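Asks: For reference, the file protein26.txt (compact mmCIF, C-alpha atoms) is included below:
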# COMPACT_ATOMS: atom_id res chain seq x y z
CA MET A 1 8.25 21.60 -4.89
CA SER A 2 9.44 24.56 -2.88
CA GLU A 3 12.93 25.22 -1.60
CA THR A 4 11.83 24.13 1.87
CA SER A 5 10.60 20.71 0.75
CA PRO A 6 12.77 17.79 1.84
CA SER A 7 14.90 16.30 -0.91
CA PHE A 8 15.41 12.58 -1.43
CA LYS A 9 17.67 10.94 -3.99
CA ARG A 10 16.86 7.22 -3.67
CA PHE A 11 13.39 5.94 -2.78
CA VAL A 12 12.84 2.19 -2.36
CA ALA A 13 9.40 0.67 -1.75
CA LEU A 14 9.13 -2.79 -0.16
CA GLY A 15 5.98 -4.77 0.46
CA ASP A 16 2.96 -6.50 -1.04
CA SER A 17 0.17 -5.47 -3.43
CA PHE A 18 -0.43 -2.22 -1.53
CA ALA A 19 3.01 -0.90 -2.48
CA GLU A 20 3.16 -2.65 -5.86
CA GLY A 21 0.11 -0.65 -6.92
CA VAL A 22 -2.47 -3.37 -7.57
CA GLY A 23 -5.83 -1.80 -8.36
CA ASP A 24 -4.34 1.20 -10.16
CA VAL A 25 -4.38 -0.32 -13.64
CA GLU A 26 -1.93 1.17 -16.15
CA PRO A 27 -0.86 -1.05 -19.07
CA ARG A 28 2.18 1.14 -19.78
CA CYS A 29 3.69 0.40 -16.37
CA PRO A 30 5.59 -2.77 -15.39
CA ASN A 31 3.20 -5.45 -14.07
CA GLY A 32 0.35 -3.40 -15.58
CA VAL A 33 -0.12 -1.28 -12.44
CA ARG A 34 0.98 2.17 -11.29
CA GLY A 35 0.09 2.86 -7.66
CA TRP A 36 0.71 5.47 -4.99
CA ALA A 37 4.45 4.77 -4.71
CA ASP A 38 4.99 5.37 -8.45
CA ARG A 39 2.96 8.56 -8.19
CA VAL A 40 5.05 9.80 -5.28
CA ALA A 41 8.24 8.98 -7.18
CA GLU A 42 6.98 10.83 -10.24
CA VAL A 43 6.43 13.97 -8.15
CA MET A 44 9.93 13.74 -6.70
CA ALA A 45 11.45 13.21 -10.15
CA ARG A 46 10.02 16.47 -11.46
CA GLU A 47 12.42 18.64 -9.48
CA ASP A 48 15.52 16.46 -9.36
CA PRO A 49 16.98 14.72 -12.43
CA GLU A 50 19.23 12.67 -10.14
CA PHE A 51 16.30 11.12 -8.27
CA ARG A 52 15.99 7.33 -8.55
CA TYR A 53 13.26 4.91 -7.50
CA ALA A 54 12.96 1.15 -6.98
CA ASN A 55 9.83 -0.83 -6.19
CA LEU A 56 10.47 -4.36 -4.94
CA ALA A 57 6.91 -5.05 -3.74
CA ILE A 58 5.07 -8.14 -4.96
CA ARG A 59 1.39 -8.90 -4.50
CA GLY A 60 0.40 -11.61 -2.05
CA ARG A 61 3.64 -11.56 -0.08
CA LEU A 62 3.58 -12.24 3.65
CA LEU A 63 5.77 -10.07 5.85
CA PRO A 64 8.48 -12.75 6.39
CA ALA A 65 8.76 -13.15 2.61
CA VAL A 66 8.90 -9.40 2.08
CA LEU A 67 11.78 -9.07 4.51
CA GLY A 68 13.53 -12.25 3.36
CA GLU A 69 13.39 -11.36 -0.34
CA GLN A 70 13.42 -7.58 -0.43
CA LEU A 71 15.30 -6.16 2.55
CA GLU A 72 18.86 -7.03 1.49
CA PRO A 73 18.41 -5.78 -2.10
CA ALA A 74 16.87 -2.59 -0.69
CA LEU A 75 19.78 -2.02 1.69
CA ALA A 76 22.24 -2.54 -1.15
CA MET A 77 20.67 0.43 -2.94
CA LYS A 78 21.43 2.70 0.04
CA PRO A 79 18.04 4.45 0.02
CA ASP A 80 17.49 7.73 1.82
CA LEU A 81 13.72 7.08 1.73
CA ALA A 82 12.08 3.67 2.22
CA THR A 83 8.68 2.14 2.89
CA ILE A 84 7.80 -1.31 4.18
CA CYS A 85 4.12 -1.98 3.47
CA ALA A 86 3.22 -5.51 4.57
CA GLY A 87 1.39 -7.47 7.25
CA ALA A 88 -2.20 -7.41 6.02
CA ASN A 89 -1.84 -10.74 4.21
CA ASP A 90 -0.48 -12.27 7.41
CA LEU A 91 -3.45 -10.95 9.40
CA LEU A 92 -5.84 -12.67 6.98
CA ARG A 93 -4.38 -16.10 7.74
CA PRO A 94 -6.27 -18.49 10.09
CA SER A 95 -3.62 -17.90 12.77
CA VAL A 96 -0.96 -15.26 13.17
CA ASP A 97 1.63 -14.21 15.75
CA ILE A 98 1.21 -10.42 15.68
CA ASP A 99 3.98 -9.83 18.21
CA ALA A 100 6.42 -11.74 16.03
CA LEU A 101 5.34 -9.75 12.98
CA ILE A 102 5.99 -6.45 14.71
CA GLU A 103 9.29 -7.67 16.11
CA SER A 104 10.57 -8.54 12.64
CA TYR A 105 9.17 -5.30 11.21
CA ASP A 106 10.93 -3.31 13.93
CA ALA A 107 14.25 -5.02 13.25
CA ALA A 108 13.97 -4.35 9.51
CA VAL A 109 13.10 -0.70 10.07
CA GLY A 110 16.12 -0.38 12.35
CA ARG A 111 18.43 -1.71 9.65
CA LEU A 112 17.03 0.75 7.11
CA GLN A 113 17.45 3.63 9.53
CA ASP A 114 20.99 2.56 10.36
CA ALA A 115 21.69 2.67 6.62
CA GLY A 116 20.53 6.30 6.52
CA ALA A 117 16.94 5.96 5.30
CA THR A 118 13.91 7.94 6.38
CA VAL A 119 11.24 5.25 6.81
CA ILE A 120 7.52 5.66 6.20
CA ALA A 121 5.15 3.35 8.09
CA PHE A 122 1.50 2.66 7.29
CA THR A 123 -1.18 1.49 9.67
CA ALA A 124 -3.53 -1.17 8.31
CA TYR A 125 -6.98 -0.16 7.09
CA ASP A 126 -9.93 -0.26 9.50
CA THR A 127 -12.02 -3.27 8.42
CA GLY A 128 -14.89 -2.39 10.76
CA GLY A 129 -18.22 -2.51 8.97
CA LYS A 130 -16.85 -4.63 6.14
CA SER A 131 -18.93 -7.75 5.64
CA VAL A 132 -15.94 -9.77 4.45
CA PHE A 133 -13.12 -8.81 6.81
CA GLY A 134 -15.02 -7.08 9.60
CA ALA A 135 -14.56 -10.05 11.95
CA LEU A 136 -10.79 -9.49 11.82
CA ARG A 137 -10.99 -5.88 12.97
CA GLY A 138 -9.53 -6.74 16.37
CA ARG A 139 -6.43 -8.26 14.78
CA PHE A 140 -5.87 -5.19 12.66
CA ALA A 141 -6.36 -2.91 15.67
CA VAL A 142 -3.76 -4.82 17.75
CA PHE A 143 -1.33 -4.79 14.84
CA ASN A 144 -1.77 -1.04 14.45
CA GLU A 145 -1.32 -0.32 18.15
CA LEU A 146 1.95 -2.25 18.24
CA LEU A 147 3.01 -0.56 14.99
CA ARG A 148 2.37 2.86 16.53
CA GLU A 149 4.77 1.95 19.34
CA VAL A 150 7.47 1.24 16.76
CA VAL A 151 6.68 4.52 15.01
CA GLU A 152 7.03 6.48 18.24
CA GLU A 153 10.17 4.73 19.45
CA ARG A 154 11.95 4.99 16.11
CA ASN A 155 10.53 8.37 15.08
CA LEU A 156 9.16 7.04 11.78
CA VAL A 157 6.99 8.99 9.36
CA LEU A 158 3.44 7.66 9.80
CA VAL A 159 0.70 7.50 7.18
CA ASP A 160 -2.38 6.56 9.18
CA PHE A 161 -4.55 4.50 6.84
CA TRP A 162 -6.70 3.35 9.79
CA ARG A 163 -8.08 6.86 10.27
CA MET A 164 -8.77 7.73 6.63
CA ARG A 165 -12.56 7.74 6.67
CA ILE A 166 -12.70 8.72 3.02
CA PHE A 167 -12.01 5.07 2.24
CA ARG A 168 -15.53 4.23 3.37
CA GLU A 169 -16.45 5.46 -0.11
CA ARG A 170 -16.85 2.30 -2.19
CA ARG A 171 -15.30 3.92 -5.28
CA MET A 172 -11.98 4.20 -3.44
CA TRP A 173 -11.73 0.43 -3.82
CA GLU A 174 -11.54 -1.96 -6.73
CA PHE A 175 -14.40 -4.39 -7.28
CA ASP A 176 -12.38 -7.09 -5.52
CA ARG A 177 -12.86 -5.13 -2.25
CA MET A 178 -9.24 -5.79 -1.27
CA HIS A 179 -7.22 -3.31 -3.31
CA MET A 180 -7.49 0.44 -3.68
CA SER A 181 -8.79 1.81 -6.97
CA SER A 182 -6.87 4.39 -8.97
CA ALA A 183 -8.68 7.06 -6.95
CA GLY A 184 -7.53 5.38 -3.75
CA HIS A 185 -3.93 5.28 -4.91
CA VAL A 186 -4.02 8.97 -5.86
CA TYR A 187 -5.33 9.84 -2.41
CA MET A 188 -2.68 7.68 -0.74
CA ALA A 189 0.07 9.36 -2.76
CA ILE A 190 -1.21 12.73 -1.58
CA GLU A 191 -1.14 11.55 2.04
CA VAL A 192 2.43 10.25 1.68
CA LEU A 193 3.61 13.53 0.19
CA ARG A 194 1.80 15.47 2.91
CA ALA A 195 3.43 13.35 5.61
CA LEU A 196 6.84 14.09 4.08
CA GLY A 197 6.12 17.79 3.71
CA ILE A 198 6.59 17.71 -0.06
CA GLU A 199 4.58 20.11 -2.20
CA HIS A 200 2.76 18.69 -5.21
CA ASP A 201 -0.10 19.29 -7.62
CA LEU A 202 -1.94 15.98 -7.20
CA VAL A 203 -5.69 16.39 -6.77
CA PRO A 204 -8.07 13.86 -5.15
CA VAL A 205 -10.66 12.37 -7.47
CA ASP A 206 -13.98 14.19 -7.21
CA PHE A 207 -16.67 11.52 -7.24
CA GLY A 208 -19.56 13.92 -7.15
CA PRO A 209 -22.79 12.83 -5.44
CA ALA A 210 -22.75 9.57 -3.50
CA GLN A 211 -23.80 6.53 -5.50
CA LEU A 212 -27.16 5.03 -4.64
CA VAL A 213 -27.00 1.26 -4.73
CA SER A 214 -30.27 -0.64 -4.70
CA PRO A 215 -30.62 -3.88 -2.70
CA THR A 216 -30.99 -5.77 -5.98
CA GLN A 217 -27.78 -4.32 -7.39
CA ARG A 218 -25.96 -4.99 -4.12
CA ARG A 219 -27.02 -8.65 -4.18
CA ARG A 220 -26.01 -8.99 -7.83
CA GLU A 221 -22.60 -7.48 -7.15
CA GLY A 222 -22.22 -9.70 -4.12
CA ARG A 223 -22.83 -12.83 -6.17
CA GLN A 224 -20.42 -11.64 -8.87
CA TRP A 225 -17.75 -10.83 -6.29
CA THR A 226 -18.13 -14.27 -4.69
CA VAL A 227 -17.64 -16.06 -8.00
CA GLU A 228 -14.88 -13.86 -9.42
CA TYR A 229 -12.84 -13.12 -6.29
CA ALA A 230 -13.87 -14.84 -3.06
CA ILE A 231 -13.95 -18.44 -4.26
CA PRO A 232 -10.67 -18.14 -6.24
CA TRP A 233 -9.02 -16.42 -3.25
CA VAL A 234 -10.02 -19.23 -0.89
CA GLY A 235 -8.90 -21.80 -3.45
CA ARG A 236 -5.46 -20.24 -3.71
CA ARG A 237 -5.10 -20.26 0.06
CA LEU A 238 -6.02 -23.95 0.23
CA ARG A 239 -3.49 -24.76 -2.49
CA GLY A 240 -0.80 -22.57 -0.94
CA VAL A 241 -0.37 -20.44 -4.05
CA SER A 242 -0.47 -16.70 -4.66
CA THR A 243 -1.13 -14.38 -7.60
CA GLY A 244 2.37 -13.05 -6.97
CA ASP A 245 4.12 -16.39 -7.46
CA THR A 246 4.90 -15.59 -11.10
CA ILE A 247 5.36 -11.82 -10.64
CA ALA A 248 8.72 -10.06 -10.56
CA PRO A 249 9.37 -6.68 -8.90
CA LYS A 250 8.23 -3.86 -11.17
CA TYR A 251 11.37 -1.75 -10.64
CA PRO A 252 14.02 -4.10 -9.22
CA GLU A 253 16.80 -1.53 -9.61
CA LEU A 254 17.05 2.20 -8.98
CA THR A 255 15.32 3.78 -11.96
CA ALA A 256 14.99 7.29 -13.34
CA MET A 257 11.25 8.00 -13.33
CA ALA A 258 9.61 10.03 -16.07
CA PRO A 259 7.55 12.80 -14.43
CA SER A 260 3.87 12.20 -15.13
CA ALA A 261 1.66 14.61 -16.99
CA ASP A 262 -1.17 14.38 -14.46
As a first step, turn the structure in this file into structure tokens.

Replies:
Amino acid sequence: MSETSPSFKRFVALGDSFAEGVGDVEPRCPNGVRGWADRVAEVMAREDPEFRYANLAIRGRLLPAVLGEQLEPALAMKPDLATICAGANDLLRPSVDIDALIESYDAAVGRLQDAGATVIAFTAYDTGGKSVFGALRGRFAVFNELLREVVEERNLVLVDFWRMRIFRERRMWEFDRMHMSSAGHVYMAIEVLRALGIEHDLVPVDFGPAQLVSPTQRRREGRQWTVEYAIPWVGRRLRGVSTGDTIAPKYPELTAMAPSAD
């Protein structure tokens, strides 16, 4: 990092699987995942031995649960940088009060700012053209528009996932079609660092030529995805359970991060 890069001492990530790092498999990390937030923290740790990082995010959490479980512990750590990445799980429910979601999000952001934190906001991904979640595109668009109002009124740092067309590349996603792959998390880390004005040496994954997928392969993958992910996902929703029910935060306290080699 250069001398002109902003300096943060305490970074706390709140949210769901997006912030936890699901999809970026790394057995050496807590919960077996790394993710964009870890990668951002690793960059920050390279130049400042006093830098500390906490990640309270847990997969499957709805926004009310994120705020109810994670906000007070985050505030107690007195972060000067914070992210709240949640809302997508709420939008996938049969019914949702988007105005209420944004209202609670706004209040939480205000408390973090009052405590001295720079807050990063993320728009939700554009589901248009996706066979599974495409029908919910309108919900995501309304959520994002209301979120942008909060960003403007509170002068938040925005990472605009909605406009990242590179995520139309199928290899930016895990096979479950819901979580970013390692390549996606690397790209997201780069976008977060860019939004903060922090120099780094992270490099996007070069996929090379576009993959050609035959209709037969697409149908085979579709059947596999239905059996391995779609049916279990629906079953969990019907039973009112989540994959995060038995998961603890990966870094529940401010932690000194070891700078990565990559």

Asks: Which residues are close to Pro249 in chain A, i.e. within 12 Å by only C-alpha atoms, leaving aside same-chain residues fewer than 5 positions away? Reply as a PyMOL selection string.

Replies: chain A and resi 12-17+19-21+29-33+54-59+61+66+69-70+73-74+244+254

Asks: The residues within 6 Å of (-1.6, -6.8, 9.3), using all atoms listed in the file and the coordinates of the file, should be reported as a PDB file with C-alpha atoms, in the frame of the given file; which are they?

Replies:
ATOM      1  CA  GLY A  87       1.390  -7.470   7.250  1.00  0.00           C
ATOM      2  CA  ALA A  88      -2.200  -7.410   6.020  1.00  0.00           C
ATOM      3  CA  ASP A  90      -0.480 -12.270   7.410  1.00  0.00           C
ATOM      4  CA  LEU A  91      -3.450 -10.950   9.400  1.00  0.00           C
ATOM      5  CA  PHE A 140      -5.870  -5.190  12.660  1.00  0.00           C
ATOM      6  CA  PHE A 143      -1.330  -4.790  14.840  1.00  0.00           C
TER       7      PHE A 143
END

Asks: Using only C-alpha atoms, which residues sit within 8 Å of range 37-53 of chain A once same-chain residues fewer than 2 positions away are excluded, as a PyMOL selection string?

Replies: chain A and resi 1+8-13+19-21+34-35+55+186+189-190+192-193+200+251+253-260

Asks: I'd like the interatomic distance between CA of Thr127 in chain A and CA of Leu92 in chain A, to a tenth of an Å.

Replies: 11.3 Å

Asks: One number please: CA of Asp99 in chain A to CA of Leu146 in chain A, in Å, one decimal.

Replies: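 Computing it gives 7.8 Å between the two atoms.
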
Asks: Between A:Lys78, A:Val119, A:Tyr125, A:Arg219, which one has atoms that come closest to Met178 in chain A, using all atoms listed in the file?

Replies: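 Closest residue, counting all atoms listed in the file: A:Tyr125.
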
Asks: For the atom pair CA of Leu202 in chain A and CA of Met180 in chain A, what is the interatomic distance in Å to one decimal place?

Replies: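 Computing it gives 16.9 Å between the two atoms.
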